Amino acid sequence: MSDKTETSNQTDLQKEAEQLKNQANDHFKKKEYDKAIDFYTKAIELVPKNAVYFANRSLAHLRLENFGFALQDAASAVQSDPAYLKGYYRRAAAQMSLGKFKKALSDFEYVAKRRPNDEDAKIKFTECNKMVRKQAFERAIAVDVPDKTLAEIHTEFETIAIEDDYKGPQLENGKVTLKFMEELMEFYKQEKRLHKKFAYKILCEIDLYLRKQPSLVDIAIPDDAKFTICGDIHGQFYDLMNIFKINGLPSQTNPYLFNGDFVDRGSFSVECIFTLFGFKLLYPDHFFLARGNHESINMNQIYGFTGEVLAKYTSTMSNMFTQVYNWLPLCHCLNNRVLVMHGGLFSQDNVTLNDLRSIERNRQPPEDGLMCELLWSDPQPQTGLGPSKRGVGTQFGPDVTSKFCKLNKLDYVVRSHEVKDMGYEVAHDGKCITVFSAPNYCDTMGNKGAFITLRGKDMKPEYTTYEAVPHPNVKPMEYASSLMNMIM
């Protein structure tokens with residue numbers, strides 16, 4: 001082949017790749033991120049060393065919370081063109097999304113040095129540096145008091161006075177009642193704030209209760225009883241209220257399990273979490289809460305919950321939430337037949353329910369092991385195990401699910417953790433069900449929400465789907481890290 005012909009072929013490939021990139025960009029603008037990724041991938045296959053294509057696909061993966069893939073693409077962008085500074089921004093965003101602020105800082109520092117007169121680069125470096133220093137300071141002053149309850153640590157809350165002009169719901173003799181919960185939900189719908197005395201009291205009471213629970217909670221469902229499983233809520237309070245409108249309020253005859261990720265992203269996370277904690281205290285044996293990967297310090301600092309608590313209450317309360325989240329159970333087993341966890345299954349073989357019962361959970365989620373994978377893993381269609389698209393946990397195939405269910409005599413597993421167009425997905429020959437309960441996630445994804453209902457007699461899952469409902473004009477991520485909003 002002549003040099004002229006080869007050059008002509010390369011030009012044709014580049015033109016075709018650019019067309020694919022433009023199509024991908026169009027899908028991205030429509031928030032069709034999966035389709036955008038497909039077209040970016042086709043462009044990369046034609047022109048494998050184009051930094052722009054990798055950086056663009058990295059951002060699409062970030063929007064889908066595929067942080068591991070986003071990091072890989074950002075690294076490929078930097079490798080393809082070390083002078084393409086947007087690649088460093090994308091890599092920093094992926095690192096931050098994984099809570100690795102020091103690594104993100106090194107990328108911002110590089111850009112700031114390359115562009116000493118760029119104010120935007122300076123701001124990003126400065127903001128990330130603040131976060132790194134803040135984390136270092138928090139670690140330095142942290143006091144290890146695992147044996148003390150919040151009530152023992154914060155005795156001063158009992159003396160907080162209630163102002164005469166407060167007209168909101170009040171605990172009765174320090175206890176949650178149905179009247180309190182009904183008034184609280186109406187109060188929240190009016191965008192009003194629960195008095196801090198009662199907010200603190202609820203946190204102290206839920207801390208006292210949760211620390212006595214096992215890491216795996218066994219639930220017995222009578223033959224003729226209905227049981228409801230909800231997935232991620234992510235601070236979408238008005239959609240949570242819609243679930244209760246459709247399916248009925250929680251009660252002793254209408255039990256619920258909320259499967260993690262109650263907070264972050266949505267900007268009504270405080271309202272969600274106090275509603276859920278209130279019902280847990282009101283119906284402790286008929287209302288269940290599992291920890292998600294967003295019930296953690298790193299996620300809360302990045303995606304808004306910490307900022308929201310600081311805006312609506314105090315830093316003390318933010319620290320209290322951290323302790324409470326550490327005590328949330330990690331999974332639930334229904335009638336010895338269905339295991340429910342937020343993320344998924346495991347990279348090691350022969351994990352038993354007793355292994356899960358023995359997990360020491362009073363800590364921040366580790367970066368590997370059973371606890372990590374319960375919170376972070378995802379199913380994949382192909383057999384075997386694969387590297388996590390999120391950069392944490394693992395991906396597991398239908399053979400892994402089948403073997404786990406057979407070993408533990410389970411019918412199937414239910415997990416959440418992933419946006420699904422219909423709000424749910426049945427995979428792995430019916431043995432792995434995903435349920436996601438935040439419709440139109442982040443006001444952008446256009447997905448439906450869903451919840452699962454089943455009866456104790458046959459444990460057959462039935463699915464209810466619903467659209468998002470209107471909410472006050474407070475955008476998602478309103479309280480998120482300013483740096484994350486800058487680079488996303």
# chains A, B, ... in the order shown; residues from 1 in each chain; ligands from 1
call {"tool": "select_by_dssp", "arguments": {"residues": "region 34-267 of chain A", "states": "strand (DSSP E or B)", "output": "list of chain:residue names"}}
result
A:Glu172, A:Lys175, A:Leu216, A:Val217, A:Asp218, A:Ile219, A:Lys226, A:Phe227, A:Thr228, A:Ile229, A:Cys230, A:Asp232, A:Ser251, A:Asn254, A:Tyr256, A:Leu257, A:Phe258
call {"tool": "select_by_dssp", "arguments": {"residues": "region 146-199 of chain A", "states": "alpha helix (DSSP H)", "output": "compact mmCIF listing (two decimals) with C-alpha atoms, in the first residue's frame"}}
result
# COMPACT_ATOMS: atom_id res chain seq x y z
CA LEU A 150 -24.65 8.80 71.26
CA ALA A 151 -26.86 9.42 74.29
CA GLU A 152 -23.86 8.84 76.57
CA ILE A 153 -21.63 11.11 74.51
CA LEU A 178 -47.83 7.42 64.65
CA LYS A 179 -49.22 10.92 65.26
CA PHE A 180 -45.66 12.27 65.32
CA MET A 181 -44.78 10.52 62.06
CA GLU A 182 -47.91 11.74 60.27
CA GLU A 183 -47.24 15.30 61.42
CA LEU A 184 -43.55 15.02 60.54
CA MET A 185 -44.23 13.98 56.96
CA GLU A 186 -46.72 16.82 56.47
CA PHE A 187 -44.26 19.25 58.08
CA TYR A 188 -41.54 18.12 55.67
CA LYS A 189 -43.86 18.48 52.69
CA LYS A 196 -33.08 19.95 66.65
CA LYS A 197 -34.00 18.58 70.09
CA PHE A 198 -36.17 15.90 68.49
CA ALA A 199 -33.73 15.29 65.64
call {"tool": "closest_residue", "arguments": {"among": "A:Tyr53, A:His428, A:Leu370, A:Thr352", "to": "Thr383 (chain A)", "atoms": "only C-alpha atoms"}}
result
A:His428
call {"tool": "residues_around", "arguments": {"residues": "Ile44 (chain A)", "least_positions_apart": "4", "cutoff": "10 Å", "atoms": "only C-alpha atoms", "output": "list in words"}}
result
Ala17, Glu18, Leu20, Lys21, Asp38, Phe39, Tyr40, Pro48, Lys49, Asn50, Ala51, Val52, Tyr53, Phe54 and Arg57 of chain A
call {"tool": "closest_residue", "arguments": {"among": "A:Asp218, A:Asp34, A:Asp349, A:Glu45", "to": "Glu65 (chain A)", "atoms": "only C-alpha atoms"}}
result
A:Asp34
call {"tool": "closest_atom_pairs", "arguments": {"of": "region 336-403 of chain A", "to": "region 407-418 of chain A", "cutoff": "10 Å", "atoms": "only C-alpha atoms", "output": "tab-separated table"}}
result
residue	atom	partner	partner_atom	distance
A:Asn336	CA	A:Leu410	CA	6.9
A:Arg337	CA	A:Leu410	CA	4.4
A:Val338	CA	A:Tyr412	CA	5.4
A:Leu339	CA	A:Val413	CA	4.8
A:Val340	CA	A:Val414	CA	4.7
A:Met341	CA	A:Arg415	CA	5.1
A:His342	CA	A:Arg415	CA	5.0
A:Gly343	CA	A:His417	CA	5.7
A:Gly344	CA	A:Arg415	CA	6.3
A:Leu345	CA	A:Val413	CA	9.1
A:Asn350	CA	A:Leu407	CA	7.2
A:Val351	CA	A:Leu407	CA	8.3
A:Thr352	CA	A:Asn408	CA	6.2
A:Leu353	CA	A:Asn408	CA	6.8
A:Asn354	CA	A:Asn408	CA	9.6
A:Leu374	CA	A:Arg415	CA	9.2
A:Leu375	CA	A:His417	CA	8.2
A:Trp376	CA	A:His417	CA	7.6
A:Ser377	CA	A:His417	CA	8.5
A:Asp378	CA	A:His417	CA	7.9
A:Pro379	CA	A:Arg415	CA	9.5
A:Thr401	CA	A:Val413	CA	8.1
A:Ser402	CA	A:Tyr412	CA	8.4
A:Lys403	CA	A:Leu407	CA	6.1
call {"tool": "residues_around", "arguments": {"residues": "Asp239 (chain A)", "least_positions_apart": "4", "cutoff": "9 Å", "atoms": "only C-alpha atoms", "output": "compact mmCIF listing (two decimals) with N, CA and C atoms, in the first residue's frame"}}
result
# COMPACT_ATOMS: atom_id res chain seq x y z
N ILE A 233 -33.27 5.41 47.58
CA ILE A 233 -34.16 6.58 47.67
C ILE A 233 -33.38 7.85 47.33
N ILE A 243 -44.32 6.56 47.32
CA ILE A 243 -44.32 5.12 47.60
C ILE A 243 -45.35 4.80 48.68
N PHE A 244 -45.35 5.60 49.75
CA PHE A 244 -46.30 5.35 50.83
C PHE A 244 -47.74 5.62 50.38
N SER A 437 -35.54 2.56 43.61
CA SER A 437 -36.80 3.23 43.95
C SER A 437 -36.77 4.74 43.81
N ALA A 438 -35.72 5.30 43.18
CA ALA A 438 -35.63 6.75 42.97
C ALA A 438 -35.91 7.06 41.50
N PRO A 439 -37.16 7.41 41.15
CA PRO A 439 -37.49 7.68 39.74
C PRO A 439 -36.87 8.99 39.26
N GLY A 449 -39.25 4.46 38.98
CA GLY A 449 -38.91 3.82 40.24
C GLY A 449 -39.73 2.56 40.39
N GLU A 467 -43.77 6.78 38.21
CA GLU A 467 -43.01 7.92 37.71
C GLU A 467 -42.63 8.85 38.86
N ALA A 468 -41.71 9.75 38.59
CA ALA A 468 -41.33 10.76 39.57
C ALA A 468 -42.48 11.74 39.77
N VAL A 469 -42.56 12.30 40.97
CA VAL A 469 -43.56 13.33 41.27
C VAL A 469 -42.84 14.67 41.42
N PRO A 470 -43.57 15.77 41.30
CA PRO A 470 -42.93 17.09 41.44
C PRO A 470 -42.34 17.29 42.83
N HIS A 471 -41.31 18.11 42.89
CA HIS A 471 -40.72 18.47 44.19
C HIS A 471 -40.38 19.96 44.16
call {"tool": "residues_around", "arguments": {"residues": "Pro398 (chain A)", "least_positions_apart": "5", "cutoff": "10 Å", "atoms": "only C-alpha atoms", "output": "PyMOL selection string"}}
result
chain A and resi 379-385+403-404+427-432
call {"tool": "write_last_selection", "arguments": {"atoms": "all heavy atoms", "output": "compact mmCIF listing (two decimals), in the first residue's frame"}}
result
# COMPACT_ATOMS: atom_id res chain seq x y z
N PRO A 379 -24.04 -7.30 39.40
CA PRO A 379 -24.10 -8.49 38.54
C PRO A 379 -23.63 -8.16 37.13
O PRO A 379 -23.67 -7.01 36.68
CB PRO A 379 -25.60 -8.83 38.54
CG PRO A 379 -26.28 -7.54 38.83
CD PRO A 379 -25.36 -6.76 39.72
N GLN A 380 -23.18 -9.17 36.42
CA GLN A 380 -22.82 -9.06 35.01
C GLN A 380 -23.47 -10.21 34.25
O GLN A 380 -23.73 -11.27 34.83
CB GLN A 380 -21.29 -9.08 34.82
CG GLN A 380 -20.63 -10.39 35.24
CD GLN A 380 -19.12 -10.38 35.05
OE1 GLN A 380 -18.50 -9.32 34.98
NE2 GLN A 380 -18.52 -11.56 34.99
N PRO A 381 -23.73 -10.04 32.95
CA PRO A 381 -24.40 -11.12 32.21
C PRO A 381 -23.51 -12.32 31.94
O PRO A 381 -24.00 -13.45 31.86
CB PRO A 381 -24.82 -10.44 30.91
CG PRO A 381 -23.92 -9.25 30.78
CD PRO A 381 -23.61 -8.81 32.17
N GLN A 382 -22.21 -12.11 31.77
CA GLN A 382 -21.31 -13.22 31.46
C GLN A 382 -20.95 -14.00 32.73
O GLN A 382 -21.04 -13.50 33.83
CB GLN A 382 -20.04 -12.72 30.75
CG GLN A 382 -19.17 -11.77 31.56
CD GLN A 382 -19.55 -10.31 31.35
OE1 GLN A 382 -20.71 -9.99 31.16
NE2 GLN A 382 -18.56 -9.44 31.41
N THR A 383 -20.55 -15.24 32.55
CA THR A 383 -20.22 -16.09 33.70
C THR A 383 -18.93 -15.63 34.37
O THR A 383 -18.13 -14.89 33.79
CB THR A 383 -20.07 -17.55 33.27
OG1 THR A 383 -19.04 -17.64 32.28
CG2 THR A 383 -21.37 -18.09 32.70
N GLY A 384 -18.74 -16.11 35.59
CA GLY A 384 -17.50 -15.83 36.32
C GLY A 384 -17.53 -14.48 37.00
O GLY A 384 -18.57 -13.87 37.22
N LEU A 385 -16.32 -14.03 37.35
CA LEU A 385 -16.13 -12.75 38.02
C LEU A 385 -15.43 -11.79 37.07
O LEU A 385 -14.69 -12.19 36.18
CB LEU A 385 -15.29 -12.93 39.28
CG LEU A 385 -15.90 -13.80 40.39
CD1 LEU A 385 -14.84 -14.11 41.44
CD2 LEU A 385 -17.09 -13.11 41.03
N LYS A 403 -24.53 -20.66 42.25
CA LYS A 403 -23.77 -21.43 43.23
C LYS A 403 -24.01 -20.92 44.65
O LYS A 403 -24.17 -21.70 45.59
CB LYS A 403 -22.28 -21.36 42.89
CG LYS A 403 -21.39 -22.19 43.80
CD LYS A 403 -19.92 -22.10 43.37
CE LYS A 403 -19.03 -22.90 44.32
NZ LYS A 403 -17.60 -22.82 43.93
N PHE A 404 -24.05 -19.58 44.80
CA PHE A 404 -24.29 -18.99 46.12
C PHE A 404 -25.67 -19.38 46.64
O PHE A 404 -25.83 -19.75 47.81
CB PHE A 404 -24.15 -17.47 46.05
CG PHE A 404 -24.44 -16.77 47.35
CD1 PHE A 404 -23.47 -16.68 48.33
CD2 PHE A 404 -25.70 -16.21 47.58
CE1 PHE A 404 -23.74 -16.04 49.54
CE2 PHE A 404 -25.97 -15.57 48.78
CZ PHE A 404 -24.99 -15.49 49.75
N ALA A 427 -32.41 -10.74 36.50
CA ALA A 427 -31.26 -11.29 35.78
C ALA A 427 -30.89 -12.65 36.36
O ALA A 427 -31.49 -13.14 37.31
CB ALA A 427 -30.09 -10.32 35.88
N HIS A 428 -29.87 -13.25 35.74
CA HIS A 428 -29.29 -14.51 36.23
C HIS A 428 -30.36 -15.58 36.40
O HIS A 428 -30.48 -16.22 37.45
CB HIS A 428 -28.53 -14.27 37.54
CG HIS A 428 -27.31 -13.42 37.37
ND1 HIS A 428 -26.44 -13.16 38.41
CD2 HIS A 428 -26.81 -12.74 36.29
CE1 HIS A 428 -25.47 -12.37 37.97
NE2 HIS A 428 -25.68 -12.11 36.69
N ASP A 429 -31.18 -15.76 35.35
CA ASP A 429 -32.22 -16.79 35.35
C ASP A 429 -33.20 -16.62 36.50
O ASP A 429 -33.68 -17.60 37.08
CB ASP A 429 -31.60 -18.18 35.40
CG ASP A 429 -30.65 -18.44 34.23
OD1 ASP A 429 -31.03 -18.11 33.09
OD2 ASP A 429 -29.54 -18.96 34.46
N GLY A 430 -33.48 -15.35 36.84
CA GLY A 430 -34.44 -15.05 37.90
C GLY A 430 -33.88 -15.09 39.29
O GLY A 430 -34.60 -14.84 40.27
N LYS A 431 -32.59 -15.38 39.42
CA LYS A 431 -32.00 -15.52 40.76
C LYS A 431 -31.34 -14.24 41.28
O LYS A 431 -30.89 -14.19 42.42
CB LYS A 431 -30.97 -16.66 40.77
CG LYS A 431 -31.60 -18.05 40.61
CD LYS A 431 -30.59 -19.14 40.79
CE LYS A 431 -31.23 -20.52 40.64
NZ LYS A 431 -32.26 -20.77 41.68
N CYS A 432 -31.28 -13.20 40.45
CA CYS A 432 -30.70 -11.93 40.89
C CYS A 432 -31.61 -10.79 40.43
O CYS A 432 -31.72 -10.52 39.23
CB CYS A 432 -29.29 -11.73 40.33
SG CYS A 432 -28.49 -10.20 40.89
call {"tool": "closest_residue", "arguments": {"among": "A:Arg291, A:Lys113, A:Arg455, A:Lys406", "to": "Leu85 (chain A)", "atoms": "only C-alpha atoms"}}
result
A:Lys113
call {"tool": "residues_around", "arguments": {"residues": "Gly174 (chain A)", "least_positions_apart": "6", "cutoff": "12 Å", "atoms": "only C-alpha atoms", "output": "mmCIF file with C-alpha atoms, in the first residue's frame"}}
result
data_model
loop_
_atom_site.group_PDB
_atom_site.id
_atom_site.type_symbol
_atom_site.label_atom_id
_atom_site.label_comp_id
_atom_site.auth_asym_id
_atom_site.auth_seq_id
_atom_site.Cartn_x
_atom_site.Cartn_y
_atom_site.Cartn_z
ATOM 1 C CA GLU A 158 -31.539 16.784 77.010
ATOM 2 C CA PHE A 180 -45.663 12.272 65.325
ATOM 3 C CA LYS A 197 -34.003 18.584 70.087
ATOM 4 C CA PHE A 198 -36.174 15.905 68.490
ATOM 5 C CA ALA A 199 -33.725 15.293 65.643
ATOM 6 C CA TYR A 200 -30.945 14.633 68.146
ATOM 7 C CA LYS A 201 -33.232 12.419 70.220
ATOM 8 C CA ILE A 202 -34.154 10.274 67.193
ATOM 9 C CA LEU A 203 -30.467 9.791 66.364
ATOM 10 C CA CYS A 204 -29.665 8.775 69.946
ATOM 11 C CA GLU A 205 -32.548 6.304 70.014
ATOM 12 C CA GLY A 278 -38.769 7.472 62.713
ATOM 13 C CA LEU A 281 -38.310 3.357 65.933
ATOM 14 C CA LEU A 282 -42.096 3.178 65.662
#
call {"tool": "closest_residue", "arguments": {"among": "A:Phe237, A:Phe287, A:Tyr466, A:Phe69", "to": "Pro387 (chain A)", "atoms": "only C-alpha atoms"}}
result
A:Phe69
